[in-house]
file entry26.txt (compact mmCIF, C-alpha atoms)
# COMPACT_ATOMS: atom_id res chain seq x y z
CA MET P 1 0.00 0.00 0.00
CA GLU P 2 1.11 3.55 -0.73
CA ALA P 3 0.45 6.33 1.75
CA LEU P 4 -1.60 8.50 -0.64
CA GLU P 5 -3.16 5.71 -2.68
CA GLY P 6 -6.68 6.70 -3.70
CA LEU P 7 -6.01 10.46 -3.53
CA LYS P 8 -6.88 11.96 -6.93
CA VAL P 9 -5.23 15.27 -7.82
CA LEU P 10 -6.30 17.41 -10.78
CA ASP P 11 -3.19 19.42 -11.64
CA LEU P 12 -3.56 22.52 -13.79
CA SER P 13 -0.25 24.02 -12.63
CA ARG P 14 2.77 24.74 -14.82
CA THR P 15 6.45 25.66 -14.50
CA LEU P 16 7.96 24.54 -11.17
CA ALA P 17 6.29 25.21 -7.80
CA GLY P 18 3.02 23.45 -8.68
CA PRO P 19 4.54 20.57 -10.66
CA PHE P 20 7.12 19.95 -7.91
CA CYS P 21 4.29 19.87 -5.36
CA THR P 22 2.26 17.34 -7.33
CA MET P 23 5.32 15.21 -8.05
CA LEU P 24 5.89 14.92 -4.30
CA LEU P 25 2.27 13.81 -3.87
CA GLY P 26 2.57 11.41 -6.79
CA ASP P 27 5.73 9.89 -5.32
CA MET P 28 3.68 8.93 -2.27
CA GLY P 29 0.94 7.27 -4.30
CA ALA P 30 -1.51 10.00 -5.32
CA ASP P 31 -3.00 9.80 -8.83
CA ILE P 32 -1.86 13.01 -10.54
CA ILE P 33 -3.73 14.07 -13.68
CA LYS P 34 -1.69 16.78 -15.39
CA VAL P 35 -3.94 18.98 -17.56
CA GLU P 36 -2.04 20.74 -20.35
CA LYS P 37 -2.74 22.96 -23.31
CA PRO P 38 -3.01 21.07 -26.60
CA GLY P 39 0.03 21.45 -28.83
CA THR P 40 2.31 23.19 -26.36
CA GLY P 41 1.65 21.89 -22.85
CA ASP P 42 3.53 22.94 -19.74
CA GLU P 43 5.87 25.80 -20.67
CA THR P 44 8.82 23.95 -19.13
CA ARG P 45 8.64 21.51 -22.03
CA ARG P 46 10.30 24.38 -23.93
CA PHE P 47 12.77 25.40 -21.21
CA THR P 48 15.85 24.44 -23.21
CA PRO P 49 18.75 23.91 -23.33
CA PRO P 50 19.62 21.45 -22.00
CA LYS P 51 17.70 18.73 -23.80
CA TRP P 52 17.97 15.01 -23.16
CA ASP P 53 17.16 13.06 -26.33
CA GLY P 54 15.08 16.02 -27.47
CA ILE P 55 13.16 16.58 -24.20
CA SER P 56 13.64 19.45 -21.75
CA ALA P 57 15.68 18.33 -18.75
CA TYR P 58 13.88 21.01 -16.72
CA TYR P 59 10.51 19.41 -17.47
CA LEU P 60 11.75 15.88 -16.82
CA ALA P 61 13.01 16.79 -13.35
CA SER P 62 9.61 17.58 -11.78
CA ASN P 63 6.97 15.56 -13.59
CA ARG P 64 7.36 11.86 -12.84
CA ASN P 65 4.43 9.84 -11.46
CA LYS P 66 1.81 11.79 -13.43
CA ARG P 67 -0.58 11.25 -16.33
CA SER P 68 -0.95 13.91 -19.02
CA ILE P 69 -4.17 14.97 -20.73
CA THR P 70 -4.48 17.91 -23.13
CA ILE P 71 -7.66 20.03 -22.97
CA ASP P 72 -8.65 23.38 -24.43
CA MET P 73 -9.94 24.87 -21.17
CA LYS P 74 -11.21 28.03 -22.85
CA SER P 75 -13.78 26.07 -24.81
CA GLU P 76 -17.14 25.23 -23.23
CA GLU P 77 -16.73 21.51 -23.89
CA GLY P 78 -13.23 21.63 -22.42
CA LYS P 79 -14.58 23.24 -19.25
CA GLN P 80 -17.21 20.57 -19.01
CA LEU P 81 -14.46 17.94 -19.01
CA ILE P 82 -12.70 19.80 -16.18
CA TYR P 83 -15.98 19.90 -14.26
CA LYS P 84 -16.37 16.14 -14.63
CA MET P 85 -12.85 15.52 -13.37
CA ALA P 86 -13.22 18.01 -10.52
CA LYS P 87 -16.34 16.19 -9.29
CA GLU P 88 -14.27 13.04 -8.89
CA SER P 89 -11.09 14.66 -7.56
CA ASP P 90 -9.86 15.20 -4.03
CA VAL P 91 -7.47 18.02 -4.87
CA PHE P 92 -7.42 20.75 -7.51
CA ILE P 93 -4.21 22.77 -7.98
CA GLU P 94 -3.53 25.75 -10.24
CA ASN P 95 -1.10 28.65 -10.58
CA PHE P 96 -2.74 31.04 -13.03
CA ARG P 97 -2.88 34.82 -12.62
CA THR P 98 -5.28 36.12 -9.96
CA GLY P 99 -8.83 36.07 -11.32
CA ALA P 100 -8.04 33.93 -14.38
CA MET P 101 -9.66 30.76 -13.07
CA GLU P 102 -12.80 32.62 -12.01
CA LYS P 103 -13.15 34.07 -15.50
CA MET P 104 -12.98 30.58 -16.95
CA GLY P 105 -15.58 29.34 -14.48
CA LEU P 106 -12.99 27.24 -12.62
CA GLY P 107 -12.55 29.22 -9.40
CA TYR P 108 -12.91 27.67 -5.95
CA GLU P 109 -16.37 29.05 -5.24
CA GLN P 110 -17.56 27.66 -8.57
CA LEU P 111 -16.00 24.20 -8.20
CA LYS P 112 -16.92 23.63 -4.57
CA LYS P 113 -20.60 23.75 -5.60
CA LEU P 114 -19.88 20.69 -7.74
CA ASN P 115 -17.71 19.01 -5.09
CA PRO P 116 -17.88 20.32 -1.49
CA ARG P 117 -15.07 17.94 -0.51
CA LEU P 118 -12.67 19.45 -3.04
CA ILE P 119 -9.38 20.86 -1.69
CA TYR P 120 -8.42 23.72 -3.98
CA CYS P 121 -4.77 24.86 -3.87
CA SER P 122 -3.98 28.13 -5.62
CA ILE P 123 -0.28 28.99 -6.03
CA SER P 124 0.68 32.54 -7.01
CA GLY P 125 3.54 34.96 -6.70
CA PHE P 126 1.95 37.37 -4.22
CA GLY P 127 -1.20 35.61 -2.99
CA ARG P 128 -4.84 36.07 -3.89
CA THR P 129 -5.36 39.02 -1.53
CA GLY P 130 -3.48 42.24 -0.82
CA PRO P 131 -2.40 45.23 -2.94
CA GLU P 132 0.04 43.20 -5.07
CA LYS P 133 -2.27 40.27 -5.79
CA ASN P 134 -2.34 40.95 -9.54
CA ARG P 135 1.44 40.94 -10.01
CA ALA P 136 3.03 38.04 -11.85
CA GLY P 137 5.54 36.07 -9.82
CA TYR P 138 8.56 34.02 -10.86
CA ASP P 139 11.34 32.62 -8.72
CA LEU P 140 13.95 35.25 -9.61
CA LEU P 141 11.53 38.12 -9.00
CA LEU P 142 10.59 36.75 -5.59
CA GLN P 143 14.20 36.08 -4.62
CA GLY P 144 14.69 39.81 -4.98
CA TYR P 145 11.31 41.02 -3.74
CA GLY P 146 11.32 38.67 -0.73
CA GLY P 147 14.74 39.72 0.55
CA LEU P 148 16.71 36.58 -0.31
CA MET P 149 19.08 38.34 -2.72
CA SER P 150 19.82 41.03 -0.13
CA ILE P 151 21.50 38.38 2.04
CA THR P 152 23.07 36.26 -0.73
CA GLY P 153 26.54 37.01 -2.08
CA GLU P 154 29.81 38.34 -0.79
CA THR P 155 30.01 41.24 1.66
CA GLY P 156 29.91 44.49 -0.27
CA GLY P 157 29.18 42.66 -3.50
CA SER P 158 26.25 42.72 -5.90
CA PRO P 159 23.00 40.80 -5.24
CA VAL P 160 23.20 37.12 -6.17
CA LYS P 161 20.42 34.58 -6.67
CA THR P 162 20.69 31.11 -5.21
CA GLY P 163 22.09 28.46 -7.53
CA MET P 164 18.70 26.72 -7.83
CA SER P 165 15.08 27.90 -7.80
CA LEU P 166 14.78 27.95 -4.01
CA VAL P 167 11.57 30.00 -3.85
CA ASP P 168 9.67 27.77 -6.30
CA LEU P 169 10.92 24.49 -4.86
CA THR P 170 10.20 25.38 -1.23
CA MET P 171 6.72 26.59 -2.20
CA GLY P 172 6.15 23.20 -3.80
CA ILE P 173 6.96 21.63 -0.44
CA PHE P 174 4.81 24.16 1.47
CA ALA P 175 1.90 23.55 -0.90
CA ALA P 176 2.15 19.77 -0.45
CA TYR P 177 2.19 20.34 3.31
CA GLY P 178 -0.92 22.53 3.06
CA ILE P 179 -2.75 20.02 0.88
CA LEU P 180 -2.06 17.11 3.21
CA THR P 181 -3.09 19.22 6.20
CA ALA P 182 -6.38 19.97 4.43
CA VAL P 183 -6.84 16.26 3.68
CA ILE P 184 -6.52 15.48 7.41
CA ALA P 185 -8.94 18.31 8.26
CA ARG P 186 -11.43 17.00 5.70
CA GLY P 187 -11.36 13.66 7.45
CA LYS P 188 -12.70 15.45 10.53
CA THR P 189 -15.13 17.91 8.92
CA GLY P 190 -16.10 16.21 5.66
CA LYS P 191 -15.44 19.48 3.81
CA GLY P 192 -12.73 20.68 1.47
CA GLN P 193 -11.20 24.15 1.65
CA PHE P 194 -9.25 26.81 -0.25
CA ILE P 195 -5.46 27.01 0.08
CA ASP P 196 -3.86 30.35 -0.82
CA ALA P 197 -0.16 29.58 -1.37
CA SER P 198 2.06 32.56 -2.15
CA LEU P 199 5.71 32.48 -3.24
CA LEU P 200 6.28 35.72 -1.31
CA ASP P 201 4.74 34.30 1.87
CA GLY P 202 6.92 31.23 1.56
CA GLN P 203 10.04 33.33 1.14
CA VAL P 204 9.19 35.54 4.14
CA SER P 205 8.70 32.36 6.18
CA LEU P 206 12.16 31.13 5.13
CA LEU P 207 13.76 34.33 6.44
CA ASN P 208 12.96 32.79 9.83
CA PHE P 209 15.44 33.97 12.50
CA LEU P 210 16.49 36.93 10.33
CA VAL P 211 12.99 38.40 10.75
CA THR P 212 13.09 38.10 14.53
CA SER P 213 16.68 39.35 14.60
CA TYR P 214 15.66 42.47 12.69
CA PHE P 215 12.86 43.28 15.13
CA ALA P 216 15.24 42.61 18.03
CA THR P 217 17.98 44.93 16.75
CA GLY P 218 16.39 47.22 14.19
CA LYS P 219 19.14 46.22 11.76
CA PRO P 220 18.47 44.14 8.63
CA ALA P 221 20.91 41.35 7.78
CA GLY P 222 23.18 41.85 4.80
CA ARG P 223 25.36 39.76 2.51
CA MET P 224 28.05 37.77 4.31
CA GLY P 225 29.24 35.26 1.72
CA SER P 226 29.27 31.81 3.31
CA ALA P 227 29.48 33.19 6.87
CA HIS P 228 26.70 33.06 9.47
CA PRO P 229 25.47 36.22 11.23
CA THR P 230 25.30 34.67 14.71
CA ILE P 231 27.78 31.75 14.70
CA VAL P 232 31.59 31.84 14.30
CA PRO P 233 33.38 29.91 12.81
CA TYR P 234 30.65 28.67 10.50
CA GLN P 235 31.65 29.23 6.87
CA ALA P 236 33.84 28.21 3.96
CA PHE P 237 37.61 28.32 4.25
CA SER P 238 40.45 27.48 1.86
CA ALA P 239 42.68 24.55 2.70
CA LYS P 240 45.98 24.09 0.87
CA ASP P 241 44.35 22.05 -1.88
CA MET P 242 40.63 22.92 -1.92
CA ASP P 243 37.80 24.92 -0.37
CA ILE P 244 36.17 23.35 2.66
CA ILE P 245 33.39 23.93 5.19
CA LEU P 246 34.06 24.36 8.92
CA ALA P 247 30.87 24.43 11.01
CA VAL P 248 31.34 25.04 14.75
CA PRO P 249 27.92 25.97 16.16
CA ASN P 250 28.63 25.88 19.92
CA ASP P 251 31.33 26.33 22.54
CA GLY P 252 31.78 22.60 23.15
CA LEU P 253 32.61 21.96 19.51
CA TRP P 254 34.87 24.99 19.47
CA ALA P 255 36.94 23.41 22.24
CA LYS P 256 37.10 20.10 20.34
CA CYS P 257 38.08 21.91 17.14
CA CYS P 258 40.95 23.75 18.82
CA GLN P 259 42.17 20.62 20.57
CA ALA P 260 42.03 18.53 17.39
CA LEU P 261 44.04 21.08 15.40
CA ASN P 262 46.38 22.06 18.25
CA TRP P 263 45.02 25.59 18.46
CA GLY P 264 45.51 25.91 22.20
CA ASP P 265 46.29 29.62 21.91
CA LEU P 266 42.95 30.32 20.23
CA LEU P 267 41.06 28.22 22.78
CA THR P 268 42.50 30.19 25.71
CA ASP P 269 42.29 33.60 24.02
CA PRO P 270 39.58 35.57 25.93
CA ARG P 271 38.43 37.16 22.66
CA PHE P 272 37.22 33.76 21.44
CA LYS P 273 36.01 32.10 24.66
CA THR P 274 32.28 32.03 23.87
CA ASN P 275 30.33 32.18 20.63
CA GLU P 276 29.23 35.71 21.49
CA ASP P 277 32.90 36.65 21.94
CA ARG P 278 33.76 35.01 18.63
CA VAL P 279 30.99 36.89 16.82
CA THR P 280 32.24 40.17 18.35
CA HIS P 281 35.79 39.43 17.20
CA ARG P 282 34.78 37.67 13.97
CA HIS P 283 37.34 39.34 11.70
CA GLU P 284 40.34 38.57 13.90
CA LEU P 285 39.35 34.93 14.40
CA VAL P 286 38.53 34.31 10.74
CA TYR P 287 41.91 35.78 9.82
CA PHE P 288 43.75 33.39 12.17
CA ILE P 289 41.75 30.34 11.05
CA SER P 290 42.11 31.18 7.35
CA LYS P 291 45.87 31.53 7.65
CA ARG P 292 46.28 28.24 9.52
CA LEU P 293 43.94 26.13 7.36
CA SER P 294 45.59 27.38 4.17
CA LEU P 295 48.79 25.58 5.25
CA LEU P 296 47.06 22.20 5.68
CA GLU P 297 45.82 19.61 3.20
CA SER P 298 42.07 19.01 3.34
CA LYS P 299 42.54 15.32 4.14
CA GLU P 300 44.62 16.22 7.18
CA ILE P 301 41.97 18.68 8.40
CA PHE P 302 39.11 16.22 7.89
CA ALA P 303 40.98 13.39 9.62
CA CYS P 304 41.57 15.50 12.73
CA LEU P 305 38.12 17.06 12.91
CA ASP P 306 36.15 13.94 11.98
CA ALA P 307 37.89 12.03 14.75
CA ALA P 308 36.89 14.78 17.19
CA GLY P 309 33.29 14.93 15.95
CA VAL P 310 33.55 18.46 14.59
CA PRO P 311 31.36 19.15 11.51
CA CYS P 312 33.49 19.74 8.43
CA GLY P 313 33.64 18.68 4.83
CA PRO P 314 34.39 19.44 1.20
CA ILE P 315 32.43 21.74 -1.10
CA HIS P 316 31.24 19.31 -3.76
CA THR P 317 30.28 20.08 -7.33
CA ILE P 318 27.02 18.63 -8.71
CA ASP P 319 28.80 15.77 -10.47
CA GLN P 320 30.58 14.83 -7.24
CA VAL P 321 27.31 14.85 -5.31
CA VAL P 322 25.30 12.66 -7.68
CA ASN P 323 28.10 10.09 -7.92
CA HIS P 324 28.98 10.06 -4.22
CA PRO P 325 28.83 6.58 -2.65
CA HIS P 326 26.74 7.80 0.28
CA VAL P 327 24.21 9.57 -1.97
CA LEU P 328 23.94 6.42 -4.07
CA SER P 329 23.55 4.23 -0.99
CA ARG P 330 20.64 6.43 0.09
CA GLU P 331 18.99 5.75 -3.29
CA MET P 332 18.87 9.46 -4.06
CA ILE P 333 19.47 8.95 -7.78
CA LEU P 334 16.64 7.22 -9.65
CA GLU P 335 16.96 5.45 -12.98
CA VAL P 336 13.73 5.87 -14.91
CA GLU P 337 12.53 3.88 -17.91
CA HIS P 338 11.35 6.33 -20.56
CA PRO P 339 10.04 5.79 -24.10
CA ILE P 340 12.45 8.35 -25.56
CA VAL P 341 15.16 9.26 -23.06
CA LYS P 342 17.75 6.54 -22.66
CA ASN P 343 19.05 5.94 -19.14
CA LEU P 344 17.04 8.81 -17.66
CA LYS P 345 18.24 9.69 -14.17
CA MET P 346 16.79 12.14 -11.69
CA ALA P 347 16.90 13.09 -8.02
CA GLY P 348 15.21 10.54 -5.77
CA PHE P 349 12.85 10.53 -2.81
CA PRO P 350 14.15 12.58 0.14
CA ILE P 351 11.87 11.02 2.77
CA LYS P 352 12.14 7.35 3.64
CA LEU P 353 8.98 5.82 5.16
CA SER P 354 9.39 2.36 6.65
CA ASP P 355 5.91 1.01 5.84
CA THR P 356 4.63 3.17 2.96
CA PRO P 357 7.71 4.31 1.04
CA ALA P 358 7.67 6.53 -2.01
CA SER P 359 7.81 4.72 -5.33
CA LEU P 360 8.45 5.29 -9.00
CA LYS P 361 5.45 4.27 -11.09
CA ARG P 362 5.45 6.47 -14.19
CA HIS P 363 7.99 8.30 -16.31
CA PRO P 364 7.47 12.06 -16.85
CA PRO P 365 4.55 11.92 -19.31
CA LEU P 366 4.77 12.93 -22.92
CA LEU P 367 2.29 15.63 -23.92
CA GLY P 368 -1.23 14.19 -23.87
CA GLU P 369 0.08 10.65 -23.44
CA HIS P 370 -2.86 9.58 -21.25
CA THR P 371 -5.66 11.64 -22.81
CA GLU P 372 -7.72 8.68 -24.06
CA GLU P 373 -7.12 6.67 -20.88
CA ILE P 374 -8.34 9.50 -18.62
CA LEU P 375 -11.35 10.31 -20.81
CA SER P 376 -12.33 6.65 -20.81
CA GLU P 377 -12.25 6.68 -17.01
CA LEU P 378 -14.73 9.58 -17.16
CA GLY P 379 -17.13 7.32 -19.04
CA LEU P 380 -16.53 8.62 -22.57
CA PHE P 381 -16.64 6.14 -25.42
CA ALA P 382 -14.22 5.99 -28.34
CA ASP P 383 -16.61 7.89 -30.64
CA ASP P 384 -17.03 10.66 -28.06
CA ILE P 385 -13.26 10.98 -27.71
CA GLU P 386 -12.78 11.07 -31.46
CA GLN P 387 -15.30 13.92 -31.77
CA LEU P 388 -13.45 15.90 -29.10
CA LYS P 389 -10.24 15.43 -31.05
CA GLN P 390 -11.81 16.57 -34.30
CA LYS P 391 -13.12 19.71 -32.59
CA HIS P 392 -9.66 20.28 -31.07
CA ILE P 393 -11.14 20.23 -27.56
CA VAL P 394 -8.52 17.66 -26.61
CA GLY P 395 -5.17 17.18 -28.29
CA GLU P 396 -4.35 14.38 -30.69
CA TYR P 397 -1.78 12.00 -29.27
CA LYS P 398 -0.15 10.41 -32.28
CA ASP P 399 3.31 9.19 -31.43
CA PHE P 400 6.14 9.87 -29.05
CA LYS P 401 8.15 12.19 -31.29
CA SER P 402 5.20 14.53 -31.88
CA SER P 403 4.51 14.67 -28.17
CA ILE P 404 7.85 15.87 -26.81
call {"tool": "encode", "arguments": {"input": "entry26.txt", "output": "structure tokens"}}
result
Amino acid sequence: MEALEGLKVLDLSRTLAGPFCTMLLGDMGADIIKVEKPGTGDETRRFTPPKWDGISAYYLASNRNKRSITIDMKSEEGKQLIYKMAKESDVFIENFRTGAMEKMGLGYEQLKKLNPRLIYCSISGFGRTGPEKNRAGYDLLLQGYGGLMSITGETGGSPVKTGMSLVDLTMGIFAAYGILTAVIARGKTGKGQFIDASLLDGQVSLLNFLVTSYFATGKPAGRMGSAHPTIVPYQAFSAKDMDIILAVPNDGLWAKCCQALNWGDLLTDPRFKTNEDRVTHRHELVYFISKRLSLLESKEIFACLDAAGVPCGPIHTIDQVVNHPHVLSREMILEVEHPIVKNLKMAGFPIKLSDTPASLKRHPPLLGEHTEEILSELGLFADDIEQLKQKHIVGEYKDFKSSI
């Protein structure tokens, strides 16, 4: 048995936050029906390069364990198909501009009349209320607008985005959390509800201790490179042969660090006795540590600190991470059978459940690959489906190459 087996999700989302959310639900057993525009589909199908055997790697990364159907939602017959699916669904998820779904007759108030148990998750850049509700929102915009870029980069340097789409991906996780919370609530009340999931709200939430620190001091955090505003030493340093991480989050580990590396003078120096002292005298301490570590090979540093239980390690590149023996032993790289892409690999399941583990059931679907299958489940016969195709209400799924 899978944890979310029997949970049917009607997914009208595109790009990243919504598709990542539904992939997480699909990994745990939910039936994800991905509704796409005939002919073009999810815009990430065209986020290239890179391509893998002609298919967008960006699209492949967040769309496993789903079925794809193509529907012209602006047509009346297309909307009727959505209504039929919504009646039988547990969850409806979308990320269109504010007001767009209501104009199409697919807003929450409209759909809950058809299905009072429906959980409707709406993902947007700025939320469905407030003065900025009509603004479009993409990850980069929200990294800037939500303060993330003001604290990312080197001290005194220009704003820098994170190396991956942190705002979108974390909102996908938040949205999945909200949906599952609503599922539990529905088990108690028998009713669905509306979930307003905003990229900006998610980013503000991730600021976490920096928000409270600002209100405590009146001073906003700034860019500090790899350093931490309230812990020292807790950053990247350069060993003789490579860059490394040294993470010493408390006084006990600081003592172990100094003892392991024979830094008795630093351990007894009153400027560095407590973490608060070390934060106050950050620049002096970082100077001493940087100078000493630069004379040592990384292997020598790791051997000493690992034996003492002090957190440290290399700064890996992506290729080193995905081929690391520990990552592979944790089954964090999946090999996926795909009708076009040979030897497709992607990031695996981050949560390991002992009794109801995540599983790989479907490759990222080709555009409209399951249109006939899904329509048949709605009770439509072959002639009905053929008429919908001829009217271009649903897309024609011909072969794999035409459906990339």
call {"tool": "atom_distance", "arguments": {"input": "entry26.txt", "atom1": "atom CA of Ile119 of chain P", "atom2": "atom CA of Gly29 of chain P"}}
result
17.3 Å
call {"tool": "atom_distance", "arguments": {"input": "entry26.txt", "atom1": "atom CA of Gly202 of chain P", "atom2": "atom CA of Phe92 of chain P"}}
result
19.9 Å
call {"tool": "residues_near_point", "arguments": {"input": "entry26.txt", "point": "(8.5, 4.4, 4.3)", "cutoff": "12 Å", "atoms": "all atoms listed in the file", "output": "PDB file with C-alpha atoms, in the coordinates of the input"}}
result
ATOM      1  CA  MET P   1       0.000   0.000   0.000  1.00  0.00           C
ATOM      2  CA  GLU P   2       1.110   3.550  -0.730  1.00  0.00           C
ATOM      3  CA  ALA P   3       0.450   6.330   1.750  1.00  0.00           C
ATOM      4  CA  LEU P   4      -1.600   8.500  -0.640  1.00  0.00           C
ATOM      5  CA  ASP P  27       5.730   9.890  -5.320  1.00  0.00           C
ATOM      6  CA  MET P  28       3.680   8.930  -2.270  1.00  0.00           C
ATOM      7  CA  GLY P  29       0.940   7.270  -4.300  1.00  0.00           C
ATOM      8  CA  PHE P 349      12.850  10.530  -2.810  1.00  0.00           C
ATOM      9  CA  PRO P 350      14.150  12.580   0.140  1.00  0.00           C
ATOM     10  CA  ILE P 351      11.870  11.020   2.770  1.00  0.00           C
ATOM     11  CA  LYS P 352      12.140   7.350   3.640  1.00  0.00           C
ATOM     12  CA  LEU P 353       8.980   5.820   5.160  1.00  0.00           C
ATOM     13  CA  SER P 354       9.390   2.360   6.650  1.00  0.00           C
ATOM     14  CA  ASP P 355       5.910   1.010   5.840  1.00  0.00           C
ATOM     15  CA  THR P 356       4.630   3.170   2.960  1.00  0.00           C
ATOM     16  CA  PRO P 357       7.710   4.310   1.040  1.00  0.00           C
ATOM     17  CA  ALA P 358       7.670   6.530  -2.010  1.00  0.00           C
ATOM     18  CA  SER P 359       7.810   4.720  -5.330  1.00  0.00           C
TER      19      SER P 359
END
call {"tool": "closest_residue", "arguments": {"input": "entry26.txt", "among": "P:Gly379, P:Pro314, P:Pro19, P:Pro249", "to": "Ile301 of chain P", "atoms": "all atoms listed in the file"}}
result
P:Pro314
call {"tool": "closest_residue", "arguments": {"input": "entry26.txt", "among": "P:Gly190, P:Pro116, P:Gly26, P:Gly41", "to": "Gly368 of chain P", "atoms": "all atoms listed in the file"}}
result
P:Gly41
call {"tool": "atom_distance", "arguments": {"input": "entry26.txt", "atom1": "atom CA of Val394 of chain P", "atom2": "atom CA of Thr70 of chain P"}}
result
5.3 Å
call {"tool": "closest_atom_pairs", "arguments": {"input": "entry26.txt", "of": "segment 100-180 of chain P", "to": "segment 223-242 of chain P", "cutoff": "10 Å", "atoms": "only C-alpha atoms", "output": "CSV"}}
result
residue,atom,partner,partner_atom,distance
P:Leu148,CA,P:Arg223,CA,9.6
P:Met149,CA,P:Arg223,CA,8.3
P:Ser150,CA,P:Arg223,CA,6.3
P:Ile151,CA,P:Arg223,CA,4.1
P:Thr152,CA,P:Arg223,CA,5.3
P:Gly153,CA,P:Gly225,CA,5.0
P:Glu154,CA,P:Gly225,CA,4.0
P:Thr155,CA,P:Met224,CA,4.8
P:Gly156,CA,P:Arg223,CA,7.1
P:Gly157,CA,P:Arg223,CA,7.7
P:Ser158,CA,P:Arg223,CA,9.0
P:Pro159,CA,P:Arg223,CA,8.2
P:Val160,CA,P:Arg223,CA,9.3
call {"tool": "closest_residue", "arguments": {"input": "entry26.txt", "among": "P:Ala17, P:Val341, P:Leu378, P:Val248", "to": "Pro311 of chain P", "atoms": "all atoms listed in the file"}}
result
P:Val248
call {"tool": "closest_residue", "arguments": {"input": "entry26.txt", "among": "P:Ala86, P:Ile69, P:Ile32, P:Ile340", "to": "Glu372 of chain P", "atoms": "only C-alpha atoms"}}
result
P:Ile69
call {"tool": "residues_near_point", "arguments": {"input": "entry26.txt", "point": "(8.6, 32.7, -2.9)", "cutoff": "8 Å", "atoms": "only C-alpha atoms", "output": "list in words"}}
result
Gly125, Asp139, Leu142, Gln143, Gly146, Leu166, Val167, Asp168, Thr170, Met171, Ser198, Leu199, Leu200, Asp201, Gly202, Gln203 and Val204 of chain P
call {"tool": "closest_residue", "arguments": {"input": "entry26.txt", "among": "P:Gly187, P:Gly144, P:Gly192, P:Gly137", "to": "Glu109 of chain P", "atoms": "only C-alpha atoms"}}
result
P:Gly192
call {"tool": "closest_residue", "arguments": {"input": "entry26.txt", "among": "P:Leu210, P:Phe174, P:Pro131, P:Asp90", "to": "Gln193 of chain P", "atoms": "all atoms listed in the file"}}
result
P:Asp90
call {"tool": "residues_around", "arguments": {"input": "entry26.txt", "residues": "Leu253 of chain P", "least_positions_apart": "5", "cutoff": "12 Å", "atoms": "only C-alpha atoms", "output": "list in words"}}
result
Ile231, Val232, Pro233, Tyr234, Leu246, Ala247, Val248, Cys258, Gln259, Ala260, Leu267, Lys273, Thr274, Asn275, Leu305, Asp306, Ala308, Gly309, Val310, Pro311 and Cys312 of chain P
